[in-house]
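Structure below is structure15.txt: compact mmCIF, C-alpha atoms and all ligand atoms.
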# COMPACT_ATOMS: atom_id res chain seq x y z
CA MET A 1 -12.20 -1.54 6.14
CA LYS A 2 -12.02 -5.05 4.77
CA PHE A 3 -9.22 -6.33 2.53
CA ASP A 4 -9.73 -9.69 0.83
CA VAL A 5 -6.41 -10.71 -0.66
CA LEU A 6 -6.37 -13.41 -3.34
CA THR A 7 -2.90 -14.93 -3.18
CA LEU A 8 -0.89 -18.13 -3.59
CA PHE A 9 0.99 -17.31 -0.38
CA PRO A 10 -1.62 -16.60 2.37
CA GLU A 11 0.81 -17.40 5.17
CA THR A 12 2.92 -14.41 4.14
CA PHE A 13 0.05 -12.10 5.01
CA GLU A 14 -0.91 -13.79 8.26
CA LEU A 15 2.68 -13.31 9.44
CA VAL A 16 3.06 -9.64 8.51
CA MET A 17 -0.52 -8.38 8.95
CA LYS A 18 -0.83 -9.45 12.57
CA GLU A 19 2.12 -7.30 13.60
CA SER A 20 2.36 -3.64 14.62
CA ILE A 21 -0.16 -1.00 13.56
CA ILE A 22 -2.13 -3.27 11.22
CA GLY A 23 -2.29 -6.02 13.85
CA ARG A 24 -3.64 -3.60 16.45
CA ALA A 25 -6.10 -2.16 13.93
CA GLN A 26 -7.40 -5.69 13.32
CA GLU A 27 -7.71 -6.30 17.06
CA LYS A 28 -9.71 -3.05 17.34
CA GLY A 29 -11.97 -4.20 14.50
CA LEU A 30 -11.02 -1.19 12.37
CA VAL A 31 -9.36 -3.29 9.68
CA GLU A 32 -9.89 -6.87 8.52
CA VAL A 33 -7.35 -8.61 6.31
CA ASN A 34 -8.37 -11.99 4.87
CA ALA A 35 -5.83 -13.92 2.84
CA ILE A 36 -7.58 -16.32 0.45
CA ASP A 37 -5.46 -19.12 -1.00
CA ILE A 38 -6.15 -19.26 -4.74
CA ARG A 39 -4.81 -22.81 -4.77
CA ASP A 40 -7.77 -23.93 -2.64
CA TYR A 41 -10.03 -23.24 -5.63
CA THR A 42 -8.23 -25.16 -8.37
CA LYS A 43 -10.17 -28.08 -9.88
CA ASP A 44 -6.96 -29.73 -10.99
CA LYS A 45 -6.13 -32.93 -9.13
CA HIS A 46 -2.51 -31.81 -8.84
CA ARG A 47 -3.61 -28.38 -7.47
CA LYS A 48 -2.17 -26.76 -10.56
CA VAL A 49 -2.81 -22.98 -10.79
CA ASP A 50 -0.53 -22.02 -13.67
CA ASP A 51 0.27 -23.22 -17.17
CA TYR A 52 2.52 -22.46 -20.13
CA PRO A 53 1.70 -19.29 -22.09
CA PHE A 54 -0.08 -19.73 -25.44
CA GLY A 55 2.22 -18.56 -28.22
CA GLY A 56 5.31 -19.71 -26.33
CA GLY A 57 7.65 -17.68 -24.19
CA SER A 58 9.39 -18.15 -20.86
CA GLY A 59 7.68 -18.59 -17.51
CA MET A 60 4.22 -19.65 -16.47
CA VAL A 61 0.89 -17.82 -16.42
CA MET A 62 -1.76 -18.01 -13.68
CA MET A 63 -4.86 -19.77 -15.00
CA CYS A 64 -8.41 -18.36 -15.04
CA GLN A 65 -10.42 -21.04 -13.25
CA PRO A 66 -8.85 -20.92 -9.76
CA VAL A 67 -8.86 -17.10 -9.70
CA PHE A 68 -12.42 -16.78 -11.02
CA ASP A 69 -13.68 -19.30 -8.46
CA ALA A 70 -11.75 -17.72 -5.58
CA PHE A 71 -13.25 -14.35 -6.59
CA ARG A 72 -16.75 -15.84 -6.71
CA ALA A 73 -16.30 -17.40 -3.27
CA VAL A 74 -15.27 -14.04 -1.80
CA THR A 75 -18.04 -12.02 -3.46
CA GLN A 76 -20.86 -14.59 -3.05
CA GLY A 77 -23.91 -13.03 -1.41
CA LEU A 78 -22.55 -9.47 -1.49
CA ASP A 79 -25.03 -6.79 -2.58
CA THR A 80 -22.36 -4.82 -4.40
CA LYS A 81 -19.12 -5.90 -6.09
CA PRO A 82 -16.13 -4.56 -4.13
CA ARG A 83 -13.41 -2.65 -5.97
CA VAL A 84 -10.90 -5.18 -7.35
CA ILE A 85 -7.27 -4.10 -7.58
CA PHE A 86 -4.61 -6.16 -9.36
CA MET A 87 -1.09 -5.42 -8.09
CA SER A 88 0.85 -4.97 -11.32
CA PRO A 89 3.86 -3.10 -12.72
CA GLN A 90 1.51 -1.89 -15.47
CA GLY A 91 -0.71 -0.03 -13.03
CA ARG A 92 -0.87 3.55 -11.82
CA VAL A 93 1.98 4.06 -9.32
CA LEU A 94 0.57 4.23 -5.78
CA THR A 95 0.66 7.70 -4.21
CA GLN A 96 -0.55 9.14 -0.90
CA LYS A 97 -3.41 10.78 -2.79
CA MET A 98 -4.52 7.37 -4.09
CA ALA A 99 -4.16 5.90 -0.59
CA VAL A 100 -6.50 8.60 0.76
CA GLU A 101 -9.02 7.78 -1.99
CA LEU A 102 -8.79 4.04 -1.30
CA SER A 103 -9.17 4.57 2.47
CA LYS A 104 -12.74 5.71 1.83
CA GLU A 105 -13.74 2.27 0.49
CA GLU A 106 -15.44 -0.23 2.80
CA HIS A 107 -14.16 -3.36 1.06
CA LEU A 108 -11.29 -3.96 -1.34
CA ILE A 109 -10.25 -7.15 -3.10
CA LEU A 110 -6.53 -7.28 -3.88
CA LEU A 111 -5.34 -9.79 -6.46
CA CYS A 112 -1.72 -10.90 -6.18
CA GLY A 113 -0.19 -12.39 -9.29
CA HIS A 114 2.84 -14.60 -9.46
CA TYR A 115 5.06 -16.20 -12.13
CA GLU A 116 5.08 -14.31 -15.47
CA GLY A 117 1.66 -12.90 -14.82
CA ILE A 118 -2.01 -13.76 -15.02
CA ASP A 119 -4.33 -14.72 -17.87
CA GLU A 120 -5.55 -11.46 -19.46
CA ARG A 121 -9.18 -12.60 -19.23
CA ILE A 122 -8.94 -12.27 -15.43
CA ILE A 123 -8.00 -8.60 -15.80
CA GLU A 124 -10.66 -7.94 -18.44
CA GLU A 125 -13.45 -9.58 -16.46
CA LEU A 126 -12.67 -9.09 -12.76
CA VAL A 127 -10.18 -6.26 -12.28
CA ASP A 128 -11.28 -2.63 -11.83
CA GLU A 129 -7.83 -1.16 -11.55
CA GLU A 130 -4.16 -2.11 -11.72
CA ILE A 131 -1.91 -0.46 -9.14
CA SER A 132 1.90 -0.56 -9.06
CA ILE A 133 4.13 0.31 -6.10
CA GLY A 134 6.92 1.43 -8.41
CA ASP A 135 8.64 0.99 -11.75
CA TYR A 136 10.59 -2.17 -10.98
CA VAL A 137 9.76 -5.85 -11.30
CA LEU A 138 9.03 -7.98 -8.22
CA THR A 139 8.51 -11.74 -7.89
CA GLY A 140 4.87 -11.48 -6.93
CA GLY A 141 2.07 -9.18 -5.89
CA GLU A 142 2.17 -10.00 -2.16
CA LEU A 143 4.64 -7.32 -1.08
CA PRO A 144 2.84 -4.63 -3.15
CA ALA A 145 -0.47 -5.69 -1.57
CA MET A 146 1.01 -5.37 1.92
CA VAL A 147 2.39 -1.93 1.07
CA LEU A 148 -1.06 -0.84 -0.12
CA ILE A 149 -2.78 -2.28 2.97
CA ASP A 150 -0.28 -0.52 5.24
CA CYS A 151 -0.48 2.96 3.67
CA VAL A 152 -4.31 2.79 3.34
CA SER A 153 -5.02 1.32 6.79
CA ARG A 154 -3.04 3.99 8.67
CA LEU A 155 -5.40 6.62 7.20
CA ILE A 156 -8.47 5.00 8.74
CA PRO A 157 -9.68 6.98 11.78
CA GLY A 158 -8.60 5.32 15.02
CA VAL A 159 -5.82 3.22 13.51
CA LEU A 160 -3.03 5.62 14.45
CA SER A 161 -2.83 6.55 18.13
CA SER A 162 -3.21 10.28 17.42
CA GLU A 163 -5.00 11.53 14.33
CA GLY A 164 -2.36 14.24 13.98
CA SER A 165 0.25 11.50 13.54
CA PHE A 166 -0.01 11.44 9.79
CA SER A 167 -0.88 15.07 9.09
CA ASP A 168 2.80 16.08 9.49
CA GLU A 169 4.19 13.08 7.65
CA SER A 170 5.89 13.19 4.29
CA HIS A 171 3.48 13.35 1.37
CA PHE A 172 0.44 14.05 3.53
CA ASN A 173 0.30 17.68 2.39
CA GLY A 174 2.33 17.12 -0.76
CA LEU A 175 5.60 18.00 1.01
CA LEU A 176 8.32 15.99 2.74
CA GLU A 177 8.31 15.91 6.53
CA TYR A 178 10.53 18.28 8.55
CA PRO A 179 13.57 16.82 10.36
CA GLN A 180 12.92 14.99 13.63
CA TYR A 181 15.16 14.94 16.75
CA THR A 182 14.95 13.36 20.18
CA ARG A 183 17.08 13.19 23.35
CA PRO A 184 19.90 13.84 24.02
CA ALA A 185 19.94 17.56 23.07
CA GLU A 186 23.57 17.07 22.06
CA TYR A 187 25.07 13.80 20.80
CA GLU A 188 28.85 13.57 20.23
CA GLY A 189 28.97 17.34 19.80
CA ARG A 190 26.00 17.42 17.45
CA PRO A 191 23.30 19.77 18.87
CA VAL A 192 19.56 19.71 18.22
CA PRO A 193 18.39 22.96 16.51
CA GLU A 194 17.88 25.55 19.29
CA ILE A 195 14.40 26.44 18.07
CA LEU A 196 13.12 22.97 19.00
CA LEU A 197 14.25 23.49 22.62
CA SER A 198 12.66 26.95 22.87
CA GLY A 199 9.17 25.79 23.78
CA HIS A 200 7.85 28.53 21.47
CA HIS A 201 5.27 26.47 19.55
CA ALA A 202 4.40 29.11 16.94
CA ASN A 203 8.06 29.58 16.05
CA ILE A 204 8.64 25.81 16.05
CA GLN A 205 5.69 25.34 13.67
CA LYS A 206 7.03 28.10 11.39
CA TRP A 207 10.52 26.56 11.39
CA ARG A 208 9.10 23.11 10.60
CA ALA A 209 7.02 24.48 7.70
CA GLU A 210 10.15 26.17 6.29
CA GLN A 211 12.16 22.97 6.69
CA SER A 212 9.47 20.94 4.88
CA LEU A 213 9.49 23.34 1.97
CA GLU A 214 13.28 23.50 1.78
CA ARG A 215 13.88 19.74 1.93
CA THR A 216 11.12 19.09 -0.61
CA ARG A 217 12.70 21.67 -2.93
CA LYS A 218 16.11 19.96 -2.53
CA LYS A 219 15.15 16.26 -2.41
CA ARG A 220 12.01 16.15 -4.56
CA PRO A 221 11.84 19.14 -6.95
CA ASP A 222 9.03 17.30 -8.77
CA LEU A 223 6.84 17.35 -5.67
CA TYR A 224 7.89 20.94 -4.97
CA GLU A 225 6.71 22.05 -8.42
CA GLU A 226 3.39 20.25 -7.92
CA TYR A 227 2.99 21.87 -4.53
CA LEU A 228 3.64 25.38 -5.91
CA LYS A 229 1.10 24.77 -8.69
CA GLY A 230 -1.49 23.79 -6.12
CA LYS A 231 -1.02 26.90 -4.02
C1 LIG B 301 2.87 -10.87 -11.49
N1 LIG B 301 3.66 -9.95 -10.71
C2 LIG B 301 4.72 -9.35 -11.48
C3 LIG B 301 5.60 -8.47 -10.66
N2 LIG B 301 4.83 -7.50 -9.87
C4 LIG B 301 5.32 -6.23 -9.72
O1 LIG B 301 6.45 -5.95 -10.15
C5 LIG B 301 4.54 -5.16 -9.08
N3 LIG B 301 3.32 -5.27 -8.56
O2 LIG B 301 2.98 -4.05 -8.08
N4 LIG B 301 3.98 -3.18 -8.29
C6 LIG B 301 4.95 -3.83 -8.92
N5 LIG B 301 6.14 -3.27 -9.31
C7 LIG B 301 3.62 -8.01 -9.21
C8 LIG B 301 2.83 -8.95 -10.06
Would you write the structure of this file as structure tokens?
Ligand SMILES: CN1CCN(C(=O)c2nonc2N)CC1
Amino acid sequence: MKFDVLTLFPETFELVMKESIIGRAQEKGLVEVNAIDIRDYTKDKHRKVDDYPFGGGSGMVMMCQPVFDAFRAVTQGLDTKPRVIFMSPQGRVLTQKMAVELSKEEHLILLCGHYEGIDERIIEELVDEEISIGDYVLTGGELPAMVLIDCVSRLIPGVLSSEGSFSDESHFNGLLEYPQYTRPAEYEGRPVPEILLSGHHANIQKWRAEQSLERTRKKRPDLYEEYLKGK
């Protein structure tokens, strides 16, 4: 899986994407994350990439030319145009289901905006889909892009140490994950549920399924309703 990220802050990615699971996935050749500096493609002698919005208003808007040329550099010579995702508060909010869908792609281009936004002609011409990580406003698209790369990459076979790692996780099956405990069996008078010490795997699995249902019902009734509909 290849992610080409068009950004004004490539160093942010290099720092975060070489760590932990994503870093190891890159070392294994399972994932490739390329941060492309949009500023390298400006034709302006002052390396300008933004300008004042037509019609007035506060803030600056990212200009077409550097983004179009960065896109062309990344897609030059490709037989097919990769799916282009613009990280935007106006997009569909990212869910695990969308992450599973995206993990089936071979190559994604993620466009990170900054300032007040980007020239609409970029979205009309280059963007296939806008994706948001939540209904709040961030400074730029870099953190949302890293969130997307993280939740998609961990679904790629071989990235997580054991494939079962994510099948019990929250949202994998539409429910929240059961409670987790580790040693000691009692901490300051607080015991671990007996069932987990029983070694009876069938009973443990049953208890965990019940816990997932119950905590989803309590913490996320919206997900619980969806889950019941799907049954
Ligand atoms: C131009 N810039 C505006 C702010 N922004 C977001 O708030 C955002 N992106 O993805 N989910 C979000 N929420 C990113 C893009």
Next item on the list: Find the residue from A:Glu27, A:Glu129, A:Glu177, A:Glu188 that sits nearest to ligand LIG 301 (chain B); use all atoms listed in the file when measuring.
Entry: A:Glu129
Using all atoms listed in the file, find each residue in range 67-143 of chain A having at least one atom no more than 8 Å away from range 35-58 of chain A; report its shortest atom-to-atom pair and that distance in Å (one decimal), rows by chain then rising number, as CSV.
residue,atom,partner,partner_atom,distance
A:Val67,CA,A:Ile38,CA,6.1
A:Asp69,CA,A:Tyr41,CA,6.1
A:Ala70,CA,A:Tyr41,CA,5.8
A:Glu116,CA,A:Ser58,CA,7.9
Those selected residues, please, written with C-alpha atoms and delivered as a PDB file, in the frame of the given file.
ATOM      1  CA  VAL A  67      -8.860 -17.100  -9.700  1.00  0.00           C
ATOM      2  CA  ASP A  69     -13.680 -19.300  -8.460  1.00  0.00           C
ATOM      3  CA  ALA A  70     -11.750 -17.720  -5.580  1.00  0.00           C
ATOM      4  CA  GLU A 116       5.080 -14.310 -15.470  1.00  0.00           C
TER       5      GLU A 116
END
Got a sec to check which residues lie within 10 Å of ligand LIG 301 (chain B), using only C-alpha atoms and all ligand atoms, and send them as a JSON list (two decimals) with C-alpha atoms, in the coordinates of the input?
[["chain", "number", "residue", "atom", "x", "y", "z"],
["A", 61, "VAL", "CA", 0.89, -17.82, -16.42],
["A", 62, "MET", "CA", -1.76, -18.01, -13.68],
["A", 86, "PHE", "CA", -4.61, -6.16, -9.36],
["A", 87, "MET", "CA", -1.09, -5.42, -8.09],
["A", 88, "SER", "CA", 0.85, -4.97, -11.32],
["A", 89, "PRO", "CA", 3.86, -3.10, -12.72],
["A", 90, "GLN", "CA", 1.51, -1.89, -15.47],
["A", 91, "GLY", "CA", -0.71, -0.03, -13.03],
["A", 92, "ARG", "CA", -0.87, 3.55, -11.82],
["A", 93, "VAL", "CA", 1.98, 4.06, -9.32],
["A", 94, "LEU", "CA", 0.57, 4.23, -5.78],
["A", 111, "LEU", "CA", -5.34, -9.79, -6.46],
["A", 112, "CYS", "CA", -1.72, -10.90, -6.18],
["A", 113, "GLY", "CA", -0.19, -12.39, -9.29],
["A", 114, "HIS", "CA", 2.84, -14.60, -9.46],
["A", 115, "TYR", "CA", 5.06, -16.20, -12.13],
["A", 116, "GLU", "CA", 5.08, -14.31, -15.47],
["A", 117, "GLY", "CA", 1.66, -12.90, -14.82],
["A", 118, "ILE", "CA", -2.01, -13.76, -15.02],
["A", 130, "GLU", "CA", -4.16, -2.11, -11.72],
["A", 131, "ILE", "CA", -1.91, -0.46, -9.14],
["A", 132, "SER", "CA", 1.90, -0.56, -9.06],
["A", 133, "ILE", "CA", 4.13, 0.31, -6.10],
["A", 134, "GLY", "CA", 6.92, 1.43, -8.41],
["A", 135, "ASP", "CA", 8.64, 0.99, -11.75],
["A", 136, "TYR", "CA", 10.59, -2.17, -10.98],
["A", 137, "VAL", "CA", 9.76, -5.85, -11.30],
["A", 138, "LEU", "CA", 9.03, -7.98, -8.22],
["A", 139, "THR", "CA", 8.51, -11.74, -7.89],
["A", 140, "GLY", "CA", 4.87, -11.48, -6.93],
["A", 141, "GLY", "CA", 2.07, -9.18, -5.89],
["A", 142, "GLU", "CA", 2.17, -10.00, -2.16],
["A", 143, "LEU", "CA", 4.64, -7.32, -1.08],
["A", 144, "PRO", "CA", 2.84, -4.63, -3.15],
["A", 145, "ALA", "CA", -0.47, -5.69, -1.57],
["A", 147, "VAL", "CA", 2.39, -1.93, 1.07],
["A", 148, "LEU", "CA", -1.06, -0.84, -0.12]]
Next item on the list: Would you please work out which residue, of A:Thr182, A:Ser103, A:Ser212, A:Gln26, is nearest to Ser153 in chain A when using all atoms listed in the file?
Entry: A:Ser103
Next item on the list: Calculate how many Å separate CA of Asn34 in chain A from CA of Met98 in chain A, rounding to one decimal.
Entry: 21.7 Å
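For the atom pair formed by CA of His201 in chain A and CA of Ile156 in chain A, the distance is 27.7 Å, given to one decimal.
Minimum distance to Val5 in chain A across A:Leu30, A:Ile149, A:Ala25, A:Ile123 (counting all atoms listed in the file) occurs at A:Ile149.
A straight line drawn from CA of Trp207 in chain A to CA of Glu225 in chain A is 20.7 Å long.
With all atoms listed in the file as the basis for measurement, A:Asp4 is the residue among A:Lys28, A:Asn203, A:Asp4, A:Lys229 that approaches Arg72 in chain A most closely.
Among the candidate residues A:Leu197, A:Ile109, A:Met60, A:Ala185, the one lying nearest to Ile85 in chain A is A:Ile109, with distances computed using only C-alpha atoms.
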